[in-house]
$ cat data15.txt   # compact mmCIF, C-alpha atoms
# COMPACT_ATOMS: atom_id res chain seq x y z
CA MET V 1 6.92 29.24 -4.53
CA THR V 2 3.68 27.63 -5.71
CA THR V 3 4.71 27.91 -9.38
CA MET V 4 8.14 26.48 -8.64
CA ILE V 5 6.86 23.41 -6.78
CA ASP V 6 4.15 22.83 -9.39
CA GLU V 7 6.76 22.85 -12.15
CA LEU V 8 8.92 20.43 -10.18
CA PHE V 9 6.08 17.98 -9.61
CA ALA V 10 5.15 18.23 -13.29
CA LYS V 11 8.65 16.87 -14.04
CA PHE V 12 7.97 13.94 -11.72
CA GLU V 13 5.12 12.77 -13.97
CA GLY V 14 6.05 9.51 -15.63
CA ALA V 15 9.20 9.08 -13.54
CA PHE V 16 7.35 7.97 -10.40
CA ALA V 17 4.15 6.07 -9.76
CA GLU V 18 1.07 8.27 -9.32
CA ASN V 19 0.69 7.25 -5.68
CA THR V 20 4.34 8.12 -5.00
CA ILE V 21 3.90 11.59 -6.50
CA ARG V 22 0.68 12.06 -4.55
CA GLY V 23 2.48 11.10 -1.34
CA TYR V 24 5.38 13.45 -2.01
CA ARG V 25 2.95 16.28 -2.71
CA HIS V 26 0.96 15.65 0.47
CA ASP V 27 4.11 15.52 2.62
CA PHE V 28 5.48 18.69 1.07
CA ASP V 29 2.18 20.55 1.45
CA GLN V 30 2.06 19.63 5.15
CA PHE V 31 5.63 20.80 5.62
CA ALA V 32 5.00 24.01 3.66
CA LYS V 33 1.99 24.77 5.86
CA TRP V 34 4.13 24.37 8.99
CA CYS V 35 6.83 26.60 7.45
CA SER V 36 4.25 29.26 6.64
CA ASN V 37 3.10 29.33 10.27
CA GLU V 38 6.70 29.64 11.40
CA GLY V 39 7.69 32.24 8.78
CA ILE V 40 10.27 29.87 7.20
CA PRO V 41 10.96 29.36 3.48
CA PRO V 42 10.37 25.68 2.56
CA LEU V 43 12.42 25.56 -0.64
CA PRO V 44 14.80 24.66 0.81
CA ALA V 45 14.22 25.12 4.52
CA PRO V 46 17.26 25.72 6.76
CA SER V 47 18.44 22.53 8.42
CA ILE V 48 17.78 23.92 11.90
CA SER V 49 14.16 24.54 10.90
CA ILE V 50 13.75 20.99 9.58
CA ALA V 51 15.18 19.75 12.89
CA ALA V 52 12.61 21.85 14.76
CA HIS V 53 9.88 20.39 12.54
CA ILE V 54 11.00 16.86 13.42
CA ASP V 55 10.93 17.72 17.13
CA ALA V 56 7.39 19.05 16.72
CA LEU V 57 6.22 16.01 14.73
CA SER V 58 7.62 13.64 17.35
CA GLU V 59 4.88 14.85 19.70
CA THR V 60 2.05 13.79 17.40
CA HIS V 61 3.27 11.47 14.62
CA LYS V 62 4.64 7.95 14.33
CA ALA V 63 8.33 7.41 13.60
CA ALA V 64 7.59 5.87 10.18
CA SER V 65 5.49 8.91 9.16
CA ILE V 66 8.27 11.29 10.16
CA ARG V 67 10.89 9.30 8.25
CA ARG V 68 8.66 9.29 5.18
CA ARG V 69 8.14 13.05 5.34
CA ILE V 70 11.86 13.82 5.63
CA ASN V 71 12.68 11.36 2.84
CA ALA V 72 10.11 13.11 0.64
CA LEU V 73 11.72 16.48 1.34
CA SER V 74 15.14 15.06 0.52
CA THR V 75 13.90 13.77 -2.84
CA ILE V 76 12.23 17.08 -3.70
CA TYR V 77 15.34 19.07 -2.82
CA ARG V 78 17.72 16.82 -4.74
CA LEU V 79 15.63 16.51 -7.89
CA GLY V 80 14.90 20.24 -7.75
CA ARG V 81 18.66 20.91 -7.80
CA MET V 82 18.45 22.56 -4.39
CA GLU V 83 20.69 22.11 -1.39
CA ASP V 84 19.52 18.99 0.45
CA THR V 85 19.40 20.44 3.94
CA THR V 86 17.85 17.21 5.27
CA LYS V 87 21.39 15.71 5.27
CA ASP V 88 22.75 18.32 7.68
CA PRO V 89 23.95 17.11 11.13
CA ASP V 90 21.18 19.20 12.77
CA VAL V 91 18.59 17.01 11.01
CA THR V 92 20.51 13.79 11.69
CA LEU V 93 20.58 14.59 15.41
CA ALA V 94 16.87 15.48 15.41
CA MET V 95 16.06 12.12 13.80
CA LYS V 96 18.14 10.32 16.42
CA ARG V 97 16.29 12.18 19.18
CA MET V 98 13.00 11.21 17.61
CA HIS V 99 13.95 7.53 17.33
CA ARG V 100 15.19 7.38 20.92
CA LYS V 101 11.90 8.89 22.02
CA LYS V 102 9.54 6.85 19.84
CA GLY V 103 11.61 3.82 18.81
CA ARG V 104 12.05 2.56 15.26
CA ALA V 105 9.50 -0.25 15.41
CA GLN V 106 6.65 0.00 12.90
CA ARG V 107 3.25 -1.40 13.82
CA GLN V 108 2.52 -4.43 11.71
CA ALA V 109 -0.75 -5.02 9.91
CA LYS V 110 -2.92 -7.83 11.29
CA PRO V 111 -2.36 -10.97 9.19
CA LEU V 112 -5.38 -12.04 7.15
CA THR V 113 -4.69 -15.78 7.01
CA ARG V 114 -6.66 -18.33 5.01
CA ILE V 115 -8.82 -19.50 7.91
CA TYR V 116 -10.17 -15.96 8.36
CA LEU V 117 -10.28 -15.27 4.62
CA ASP V 118 -12.56 -18.24 3.95
CA LYS V 119 -15.01 -17.09 6.63
CA MET V 120 -15.19 -13.65 5.04
CA ILE V 121 -15.72 -15.09 1.56
CA GLU V 122 -18.49 -17.40 2.81
CA ALA V 123 -20.32 -14.39 4.26
CA GLN V 124 -20.61 -12.66 0.87
CA ASP V 125 -23.84 -12.88 -1.13
CA ASP V 126 -24.29 -13.01 -4.92
CA SER V 127 -24.99 -9.29 -5.34
CA PRO V 128 -22.58 -7.15 -7.41
CA ARG V 129 -20.96 -5.91 -4.21
CA GLY V 130 -20.70 -9.45 -2.82
CA LEU V 131 -19.07 -10.70 -6.04
CA ARG V 132 -16.63 -7.77 -6.06
CA ASN V 133 -15.76 -8.49 -2.43
CA LYS V 134 -15.03 -12.15 -3.14
CA ILE V 135 -12.68 -11.14 -5.96
CA LEU V 136 -10.94 -8.56 -3.79
CA LEU V 137 -10.43 -11.05 -0.96
CA LEU V 138 -9.07 -13.84 -3.13
CA MET V 139 -7.02 -11.58 -5.39
CA GLY V 140 -5.42 -9.75 -2.46
CA TYR V 141 -4.47 -13.00 -0.74
CA GLU V 142 -3.33 -14.99 -3.79
CA THR V 143 -1.28 -12.25 -5.47
CA MET V 144 0.15 -10.71 -2.26
CA ARG V 145 0.09 -7.33 -3.93
CA ARG V 146 0.25 -3.90 -2.35
CA ARG V 147 -2.94 -1.84 -2.50
CA ALA V 148 -1.99 0.30 -5.51
CA GLU V 149 -0.84 -2.77 -7.44
CA LEU V 150 -3.98 -4.70 -6.54
CA VAL V 151 -6.39 -2.10 -7.89
CA GLY V 152 -4.26 -1.73 -11.03
CA PHE V 153 -5.08 -5.17 -12.45
CA GLU V 154 -7.22 -5.02 -15.60
CA PHE V 155 -9.27 -7.66 -17.39
CA GLY V 156 -6.59 -7.68 -20.08
CA ASP V 157 -4.09 -8.88 -17.49
CA VAL V 158 -5.86 -12.23 -17.08
CA THR V 159 -3.69 -14.82 -18.83
CA CYS V 160 -2.14 -18.22 -18.19
CA LEU V 161 1.22 -19.72 -17.29
CA LEU V 162 3.16 -22.05 -19.61
CA ASN V 163 1.55 -25.00 -17.84
CA GLY V 164 -1.89 -23.65 -18.71
CA LYS V 165 -2.82 -22.59 -15.18
CA PRO V 166 -4.53 -19.17 -14.80
CA ALA V 167 -2.45 -16.11 -13.96
CA LEU V 168 -2.52 -12.33 -13.73
CA ARG V 169 0.07 -10.18 -15.45
CA LEU V 170 1.60 -7.66 -13.05
CA ARG V 171 2.81 -4.82 -15.26
CA PHE V 172 4.26 -2.53 -12.61
CA SER V 173 5.02 -2.84 -8.92
CA LYS V 174 6.95 -1.07 -6.17
CA ALA V 175 9.79 -3.53 -6.79
CA ASP V 176 9.53 -3.15 -10.59
CA GLN V 177 9.42 0.55 -11.38
CA TYR V 178 10.37 0.05 -15.04
CA GLY V 179 7.58 -2.30 -16.01
CA GLU V 180 9.48 -5.50 -16.79
CA GLY V 181 6.40 -7.31 -15.53
CA ARG V 182 5.80 -10.82 -14.24
CA LEU V 183 3.07 -13.44 -14.14
CA ILE V 184 1.39 -14.37 -10.86
CA GLY V 185 -0.46 -17.66 -10.69
CA ILE V 186 -4.03 -17.57 -9.38
CA SER V 187 -6.61 -20.24 -8.51
CA LYS V 188 -9.33 -21.56 -10.78
CA ASP V 189 -11.83 -20.20 -8.25
CA LEU V 190 -10.52 -16.65 -8.69
CA GLU V 191 -10.39 -17.03 -12.48
CA GLY V 192 -14.04 -18.11 -12.43
CA LEU V 193 -15.12 -15.19 -10.27
CA ILE V 194 -13.33 -12.73 -12.55
CA ALA V 195 -15.04 -14.27 -15.60
CA LYS V 196 -18.43 -13.90 -13.90
CA TRP V 197 -17.60 -10.28 -13.01
CA ARG V 198 -16.50 -9.60 -16.59
CA ASN V 199 -19.88 -10.72 -17.88
CA LEU V 200 -21.48 -8.19 -15.54
CA VAL V 201 -19.27 -5.12 -16.09
CA GLY V 202 -17.71 -5.69 -19.51
CA SER V 203 -14.33 -6.94 -20.68
CA GLU V 204 -12.40 -3.65 -20.56
CA GLY V 205 -10.84 -1.67 -17.74
CA LYS V 206 -10.05 -2.33 -14.10
CA ILE V 207 -11.10 -5.57 -12.45
CA LEU V 208 -11.66 -4.09 -9.00
CA ARG V 209 -14.31 -1.35 -8.95
CA SER V 210 -16.38 0.61 -6.50
CA VAL V 211 -19.92 -0.62 -5.83
CA ASP V 212 -22.30 1.60 -3.89
CA ARG V 213 -25.11 0.40 -1.62
CA HIS V 214 -27.56 0.56 -4.54
CA GLY V 215 -25.42 -1.78 -6.62
CA ASN V 216 -24.13 0.91 -8.98
CA ILE V 217 -20.68 -0.10 -10.26
CA GLY V 218 -17.93 2.46 -10.83
CA GLU V 219 -14.95 2.32 -13.17
CA LYS V 220 -12.25 1.68 -10.55
CA LEU V 221 -11.54 1.16 -6.87
CA GLU V 222 -9.23 3.58 -5.07
CA PRO V 223 -6.37 1.99 -3.06
CA SER V 224 -7.55 3.81 0.07
CA ALA V 225 -10.97 2.13 -0.24
CA ILE V 226 -9.61 -1.39 0.32
CA SER V 227 -9.37 -1.01 4.09
CA TYR V 228 -12.92 0.37 4.14
CA VAL V 229 -14.21 -2.63 2.19
CA LEU V 230 -12.42 -4.99 4.57
CA ARG V 231 -14.07 -3.30 7.54
CA GLN V 232 -17.44 -3.81 5.90
CA VAL V 233 -16.95 -7.51 5.14
CA GLN V 234 -15.83 -8.16 8.71
CA THR V 235 -19.19 -7.22 10.15
CA ASN V 236 -21.63 -9.95 11.11
CA ILE V 237 -19.26 -12.86 10.48
CA THR V 238 -18.41 -15.58 12.97
CA LEU V 239 -14.67 -16.04 13.25
CA PRO V 240 -13.02 -19.28 14.39
CA GLY V 241 -12.96 -19.50 18.18
CA ASN V 242 -15.59 -16.74 18.42
CA LYS V 243 -12.82 -14.18 17.99
CA LYS V 244 -13.72 -10.56 17.36
CA PRO V 245 -12.95 -8.94 13.98
CA ARG V 246 -9.30 -7.92 13.87
CA GLN V 247 -9.43 -4.61 11.96
CA TRP V 248 -7.64 -5.96 8.91
CA THR V 249 -6.28 -3.43 6.39
CA GLY V 250 -5.17 -3.54 2.77
CA HIS V 251 -1.72 -4.67 3.88
CA SER V 252 -3.12 -7.63 5.80
CA PHE V 253 -3.33 -9.77 2.64
CA ARG V 254 0.45 -9.79 2.24
CA VAL V 255 1.11 -10.47 5.90
CA GLY V 256 -1.46 -13.26 6.15
CA ALA V 257 -0.34 -15.01 2.96
CA ALA V 258 3.30 -14.83 4.10
CA VAL V 259 2.40 -16.43 7.44
CA ASP V 260 0.48 -19.21 5.70
CA LEU V 261 3.28 -19.87 3.21
CA VAL V 262 5.88 -20.31 5.94
CA GLU V 263 3.57 -22.59 7.92
CA SER V 264 3.06 -24.72 4.79
CA GLY V 265 6.81 -25.22 4.35
CA TYR V 266 8.01 -22.31 2.20
CA THR V 267 11.43 -20.87 3.05
CA ILE V 268 11.88 -17.17 3.88
CA GLU V 269 13.67 -16.73 0.53
CA GLN V 270 10.70 -18.20 -1.35
CA VAL V 271 8.28 -15.94 0.52
CA MET V 272 10.50 -12.95 -0.24
CA ARG V 273 10.37 -13.70 -3.97
CA LYS V 274 6.61 -14.20 -3.97
CA GLY V 275 5.94 -11.00 -2.02
CA ASP V 276 8.69 -8.92 -3.68
CA TRP V 277 10.52 -8.17 -0.42
CA LYS V 278 14.12 -7.15 -0.91
CA SER V 279 15.48 -8.08 2.50
CA ALA V 280 15.21 -11.13 4.73
CA GLN V 281 14.65 -8.79 7.66
CA ALA V 282 11.46 -7.47 6.04
CA GLY V 283 10.28 -10.99 5.29
CA LEU V 284 10.93 -12.17 8.84
CA ARG V 285 9.04 -9.19 10.27
CA TYR V 286 6.00 -10.25 8.26
CA VAL V 287 5.96 -13.92 9.16
CA MET V 288 6.49 -13.12 12.84
CA ALA V 289 3.41 -10.87 12.83
CA GLU V 290 1.33 -13.41 14.72

$ encode --input "data15.txt" --output "structure tokens"
Amino acid sequence: MTTMIDELFAKFEGAFAENTIRGYRHDFDQFAKWCSNEGIPPLPAPSISIAAHIDALSETHKAASIRRRINALSTIYRLGRMEDTTKDPDVTLAMKRMHRKKGRAQRQAKPLTRIYLDKMIEAQDDSPRGLRNKILLLMGYETMRRRAELVGFEFGDVTCLLNGKPALRLRFSKADQYGEGRLIGISKDLEGLIAKWRNLVGSEGKILRSVDRHGNIGEKLEPSAISYVLRQVQTNITLPGNKKPRQWTGHSFRVGAAVDLVESGYTIEQVMRKGDWKSAQAGLRYVMAE
């Protein structure tokens, strides 16, 4: 079984983003571990066993996590030319039971709006870590990119629009799996910070990088590290109204920027285009986060 799944995931290379493949592998490994404990073959698992797995997950996992895991199994089965037992009525009924029990609502990230963002930027010093943090904060807010897209920007992606204003070239995104690319305008402030950072780390490679407590700079920043960095920059800052830090995450940039855009007069359709949301429902869910 191990050889078979390894060969299948090897075929996924290049067809999916690295983070997508990593997610599929993690979800399958978790499912395979459960199957092993139950004495069930995972490739493919009988529909009644998948239904039992959903029932078990509904006791400990969020609805969105369960949907993601079953969707991952469906993709693996289909692309592996196996019977997609996730489409069986047993599984459909188990998903309906789960949704009635837990609901379909997905907890929204706390919006990191400009008023909070500025306070966090002001609290950063001029050390390598402080400079990196300023770039992360501004870049996340101005580009409205997802975590994996945000850490993917390289110094070579810094360019300008036809009107001469600075921009970043987005080569791939969740909404652009085939790399057609697009330019995203950025502020002069962010362009200046990136130029200062380039003088420190060199002109090649990723813009966002890890920086340890001794000031040692790595070659890249992992997507999962963004939420950790945000937790660090929230400490010891005074928020407007003496509010407590809000536990912002990597997704908070998109939510906060969307809220600010709507409040400044942008339409939902304009926000959708800027944030690469495909449905108005998704866009509305973001701007109603407050």

$ residues_around --input "data15.txt" --residues "Ala72 (chain V)" --least-positions-apart "3" --cutoff "6 Å" --atoms "only C-alpha atoms" --output "list in words"
Tyr24, Arg69 and Thr75 of chain V

$ write_last_selection --input "data15.txt" --atoms "C-alpha atoms" --output "compact mmCIF listing (two decimals), in the coordinates of the input"
# COMPACT_ATOMS: atom_id res chain seq x y z
CA TYR V 24 5.38 13.45 -2.01
CA ARG V 69 8.14 13.05 5.34
CA THR V 75 13.90 13.77 -2.84

$ atom_distance --input "data15.txt" --atom1 "CA of Asp29 (chain V)" --atom2 "CA of Thr60 (chain V)"
17.3 Å

$ atom_distance --input "data15.txt" --atom1 "CA of Leu200 (chain V)" --atom2 "CA of Leu131 (chain V)"
10.1 Å

$ closest_residue --input "data15.txt" --among "V:Asp276, V:Glu38, V:Asp260, V:Glu222" --to "Ala148 (chain V)" --atoms "only C-alpha atoms"
V:Glu222

$ atom_distance --input "data15.txt" --atom1 "CA of Trp34 (chain V)" --atom2 "CA of Ala225 (chain V)"
28.4 Å

$ closest_residue --input "data15.txt" --among "V:Tyr77, V:Phe28, V:Phe16, V:Tyr116" --to "Phe253 (chain V)" --atoms "only C-alpha atoms"
V:Tyr116

$ closest_residue --input "data15.txt" --among "V:Asn216, V:Lys101, V:Val229, V:Ala167" --to "Lys62 (chain V)" --atoms "all atoms listed in the file"
V:Lys101

$ residues_around --input "data15.txt" --residues "Asp157 (chain V)" --least-positions-apart "3" --cutoff "6 Å" --atoms "all atoms listed in the file" --output "PyMOL selection string"
chain V and resi 154+168-169

$ write_last_selection --input "data15.txt" --atoms "C-alpha atoms" --output "PDB file, in the coordinates of the input"
ATOM      1  CA  GLU V 154      -7.220  -5.020 -15.600  1.00  0.00           C
ATOM      2  CA  LEU V 168      -2.520 -12.330 -13.730  1.00  0.00           C
ATOM      3  CA  ARG V 169       0.070 -10.180 -15.450  1.00  0.00           C
TER       4      ARG V 169
END

$ closest_residue --input "data15.txt" --among "V:Gly80, V:Gly218, V:Gly275, V:Gly130" --to "Pro44 (chain V)" --atoms "only C-alpha atoms"
V:Gly80

$ closest_residue --input "data15.txt" --among "V:Asp55, V:Asp125, V:Asp118, V:Glu149" --to "Thr92 (chain V)" --atoms "only C-alpha atoms"
V:Asp55

$ residues_around --input "data15.txt" --residues "Pro111 (chain V)" --least-positions-apart "3" --cutoff "8 Å" --atoms "all atoms listed in the file" --output "VMD selection string"
chain V and resid 248 252 to 257 259 289 to 290

$ closest_residue --input "data15.txt" --among "V:Pro46, V:Gly156, V:Gly103, V:Pro41" --to "Val91 (chain V)" --atoms "all atoms listed in the file"
V:Pro46

$ residues_around --input "data15.txt" --residues "Leu150 (chain V)" --least-positions-apart "5" --cutoff "12 Å" --atoms "only C-alpha atoms" --output "count of residues only"
35

$ residues_near_point --input "data15.txt" --point "(9.9, 8.1, 18.5)" --cutoff "9 Å" --atoms "only C-alpha atoms" --output "list in words"
Ser58, Glu59, His61, Lys62, Ala63, Ala64, Met95, Lys96, Arg97, Met98, His99, Arg100, Lys101, Lys102, Gly103, Arg104 and Ala105 of chain V

$ decode --input "data15.txt" --residues "region 181-220 of chain V" --atoms "N, CA and C atoms" --output "PDB file, in the first residue's frame"
ATOM      1  N   GLY V 181      -0.443  34.595 -14.192  1.00  0.00           N
ATOM      2  CA  GLY V 181       0.177  35.712 -13.490  1.00  0.00           C
ATOM      3  C   GLY V 181      -0.634  36.991 -13.544  1.00  0.00           C
ATOM      4  N   ARG V 182      -0.276  37.925 -12.666  1.00  0.00           N
ATOM      5  CA  ARG V 182      -0.896  39.244 -12.632  1.00  0.00           C
ATOM      6  C   ARG V 182      -0.014  40.167 -11.818  1.00  0.00           C
ATOM      7  N   LEU V 183      -0.195  41.460 -12.004  1.00  0.00           N
ATOM      8  CA  LEU V 183       0.551  42.454 -11.241  1.00  0.00           C
ATOM      9  C   LEU V 183      -0.338  43.018 -10.145  1.00  0.00           C
ATOM     10  N   ILE V 184       0.245  43.173  -8.956  1.00  0.00           N
ATOM     11  CA  ILE V 184      -0.479  43.716  -7.806  1.00  0.00           C
ATOM     12  C   ILE V 184       0.236  44.989  -7.365  1.00  0.00           C
ATOM     13  N   GLY V 185      -0.468  46.101  -7.407  1.00  0.00           N
ATOM     14  CA  GLY V 185       0.135  47.360  -7.007  1.00  0.00           C
ATOM     15  C   GLY V 185       0.455  47.387  -5.516  1.00  0.00           C
ATOM     16  N   ILE V 186       1.576  47.990  -5.160  1.00  0.00           N
ATOM     17  CA  ILE V 186       1.976  48.134  -3.764  1.00  0.00           C
ATOM     18  C   ILE V 186       2.345  49.593  -3.505  1.00  0.00           C
ATOM     19  N   SER V 187       2.492  49.962  -2.258  1.00  0.00           N
ATOM     20  CA  SER V 187       2.812  51.336  -1.890  1.00  0.00           C
ATOM     21  C   SER V 187       4.306  51.620  -2.049  1.00  0.00           C
ATOM     22  N   LYS V 188       4.624  52.914  -2.127  1.00  0.00           N
ATOM     23  CA  LYS V 188       6.025  53.320  -2.139  1.00  0.00           C
ATOM     24  C   LYS V 188       6.717  52.925  -0.834  1.00  0.00           C
ATOM     25  N   ASP V 189       5.964  52.959   0.266  1.00  0.00           N
ATOM     26  CA  ASP V 189       6.536  52.573   1.562  1.00  0.00           C
ATOM     27  C   ASP V 189       7.014  51.124   1.530  1.00  0.00           C
ATOM     28  N   LEU V 190       6.161  50.235   0.996  1.00  0.00           N
ATOM     29  CA  LEU V 190       6.548  48.823   0.930  1.00  0.00           C
ATOM     30  C   LEU V 190       7.705  48.635  -0.031  1.00  0.00           C
ATOM     31  N   GLU V 191       7.688  49.320  -1.163  1.00  0.00           N
ATOM     32  CA  GLU V 191       8.791  49.215  -2.119  1.00  0.00           C
ATOM     33  C   GLU V 191      10.108  49.625  -1.456  1.00  0.00           C
ATOM     34  N   GLY V 192      10.056  50.697  -0.653  1.00  0.00           N
ATOM     35  CA  GLY V 192      11.264  51.158   0.024  1.00  0.00           C
ATOM     36  C   GLY V 192      11.778  50.173   1.052  1.00  0.00           C
ATOM     37  N   LEU V 193      10.861  49.558   1.799  1.00  0.00           N
ATOM     38  CA  LEU V 193      11.263  48.559   2.789  1.00  0.00           C
ATOM     39  C   LEU V 193      11.894  47.344   2.126  1.00  0.00           C
ATOM     40  N   ILE V 194      11.320  46.919   0.995  1.00  0.00           N
ATOM     41  CA  ILE V 194      11.871  45.765   0.278  1.00  0.00           C
ATOM     42  C   ILE V 194      13.268  46.086  -0.251  1.00  0.00           C
ATOM     43  N   ALA V 195      13.468  47.317  -0.738  1.00  0.00           N
ATOM     44  CA  ALA V 195      14.791  47.724  -1.228  1.00  0.00           C
ATOM     45  C   ALA V 195      15.816  47.711  -0.094  1.00  0.00           C
ATOM     46  N   LYS V 196      15.412  48.182   1.069  1.00  0.00           N
ATOM     47  CA  LYS V 196      16.299  48.178   2.236  1.00  0.00           C
ATOM     48  C   LYS V 196      16.631  46.744   2.642  1.00  0.00           C
ATOM     49  N   TRP V 197      15.652  45.863   2.599  1.00  0.00           N
ATOM     50  CA  TRP V 197      15.829  44.450   2.939  1.00  0.00           C
ATOM     51  C   TRP V 197      16.742  43.767   1.922  1.00  0.00           C
ATOM     52  N   ARG V 198      16.588  44.140   0.648  1.00  0.00           N
ATOM     53  CA  ARG V 198      17.434  43.571  -0.399  1.00  0.00           C
ATOM     54  C   ARG V 198      18.900  43.917  -0.172  1.00  0.00           C
ATOM     55  N   ASN V 199      19.160  45.109   0.261  1.00  0.00           N
ATOM     56  CA  ASN V 199      20.547  45.507   0.540  1.00  0.00           C
ATOM     57  C   ASN V 199      21.144  44.689   1.682  1.00  0.00           C
ATOM     58  N   LEU V 200      20.278  44.181   2.553  1.00  0.00           N
ATOM     59  CA  LEU V 200      20.744  43.413   3.707  1.00  0.00           C
ATOM     60  C   LEU V 200      20.948  41.939   3.378  1.00  0.00           C
ATOM     61  N   VAL V 201      20.038  41.353   2.577  1.00  0.00           N
ATOM     62  CA  VAL V 201      20.061  39.903   2.361  1.00  0.00           C
ATOM     63  C   VAL V 201      20.502  39.497   0.960  1.00  0.00           C
ATOM     64  N   GLY V 202      20.618  40.460   0.046  1.00  0.00           N
ATOM     65  CA  GLY V 202      20.970  40.119  -1.328  1.00  0.00           C
ATOM     66  C   GLY V 202      19.765  40.242  -2.243  1.00  0.00           C
ATOM     67  N   SER V 203      20.014  40.233  -3.538  1.00  0.00           N
ATOM     68  CA  SER V 203      18.959  40.518  -4.511  1.00  0.00           C
ATOM     69  C   SER V 203      18.311  39.278  -5.097  1.00  0.00           C
ATOM     70  N   GLU V 204      18.654  38.092  -4.608  1.00  0.00           N
ATOM     71  CA  GLU V 204      18.094  36.851  -5.132  1.00  0.00           C
ATOM     72  C   GLU V 204      17.247  36.149  -4.081  1.00  0.00           C
ATOM     73  N   GLY V 205      16.280  35.367  -4.542  1.00  0.00           N
ATOM     74  CA  GLY V 205      15.523  34.509  -3.646  1.00  0.00           C
ATOM     75  C   GLY V 205      14.269  35.139  -3.080  1.00  0.00           C
ATOM     76  N   LYS V 206      13.744  34.498  -2.044  1.00  0.00           N
ATOM     77  CA  LYS V 206      12.488  34.907  -1.435  1.00  0.00           C
ATOM     78  C   LYS V 206      12.635  36.235  -0.697  1.00  0.00           C
ATOM     79  N   ILE V 207      11.566  37.021  -0.738  1.00  0.00           N
ATOM     80  CA  ILE V 207      11.570  38.273   0.016  1.00  0.00           C
ATOM     81  C   ILE V 207      11.381  37.988   1.497  1.00  0.00           C
ATOM     82  N   LEU V 208      10.355  37.240   1.842  1.00  0.00           N
ATOM     83  CA  LEU V 208      10.079  36.931   3.243  1.00  0.00           C
ATOM     84  C   LEU V 208      10.937  35.754   3.698  1.00  0.00           C
ATOM     85  N   ARG V 209      11.626  35.946   4.827  1.00  0.00           N
ATOM     86  CA  ARG V 209      12.552  34.926   5.322  1.00  0.00           C
ATOM     87  C   ARG V 209      12.453  34.815   6.836  1.00  0.00           C
ATOM     88  N   SER V 210      12.890  33.686   7.334  1.00  0.00           N
ATOM     89  CA  SER V 210      12.922  33.501   8.781  1.00  0.00           C
ATOM     90  C   SER V 210      14.054  34.331   9.366  1.00  0.00           C
ATOM     91  N   VAL V 211      13.853  34.833  10.576  1.00  0.00           N
ATOM     92  CA  VAL V 211      14.888  35.557  11.314  1.00  0.00           C
ATOM     93  C   VAL V 211      14.825  35.089  12.758  1.00  0.00           C
ATOM     94  N   ASP V 212      15.896  34.468  13.248  1.00  0.00           N
ATOM     95  CA  ASP V 212      15.859  33.963  14.615  1.00  0.00           C
ATOM     96  C   ASP V 212      16.156  35.077  15.615  1.00  0.00           C
ATOM     97  N   ARG V 213      16.111  34.760  16.899  1.00  0.00           N
ATOM     98  CA  ARG V 213      16.258  35.783  17.934  1.00  0.00           C
ATOM     99  C   ARG V 213      17.658  36.380  17.979  1.00  0.00           C
ATOM    100  N   HIS V 214      18.614  35.732  17.308  1.00  0.00           N
ATOM    101  CA  HIS V 214      19.978  36.267  17.238  1.00  0.00           C
ATOM    102  C   HIS V 214      20.186  37.125  15.987  1.00  0.00           C
ATOM    103  N   GLY V 215      19.151  37.235  15.172  1.00  0.00           N
ATOM    104  CA  GLY V 215      19.257  38.037  13.959  1.00  0.00           C
ATOM    105  C   GLY V 215      19.744  37.278  12.746  1.00  0.00           C
ATOM    106  N   ASN V 216      19.903  35.953  12.871  1.00  0.00           N
ATOM    107  CA  ASN V 216      20.332  35.148  11.733  1.00  0.00           C
ATOM    108  C   ASN V 216      19.172  34.996  10.743  1.00  0.00           C
ATOM    109  N   ILE V 217      19.435  35.275   9.480  1.00  0.00           N
ATOM    110  CA  ILE V 217      18.386  35.300   8.455  1.00  0.00           C
ATOM    111  C   ILE V 217      18.442  34.022   7.630  1.00  0.00           C
ATOM    112  N   GLY V 218      17.296  33.365   7.481  1.00  0.00           N
ATOM    113  CA  GLY V 218      17.203  32.150   6.686  1.00  0.00           C
ATOM    114  C   GLY V 218      16.943  32.465   5.223  1.00  0.00           C
ATOM    115  N   GLU V 219      16.658  31.419   4.447  1.00  0.00           N
ATOM    116  CA  GLU V 219      16.450  31.589   3.011  1.00  0.00           C
ATOM    117  C   GLU V 219      14.980  31.753   2.650  1.00  0.00           C
ATOM    118  N   LYS V 220      14.073  31.392   3.563  1.00  0.00           N
ATOM    119  CA  LYS V 220      12.645  31.502   3.255  1.00  0.00           C
ATOM    120  C   LYS V 220      11.855  31.505   4.549  1.00  0.00           C
TER     121      LYS V 220
END
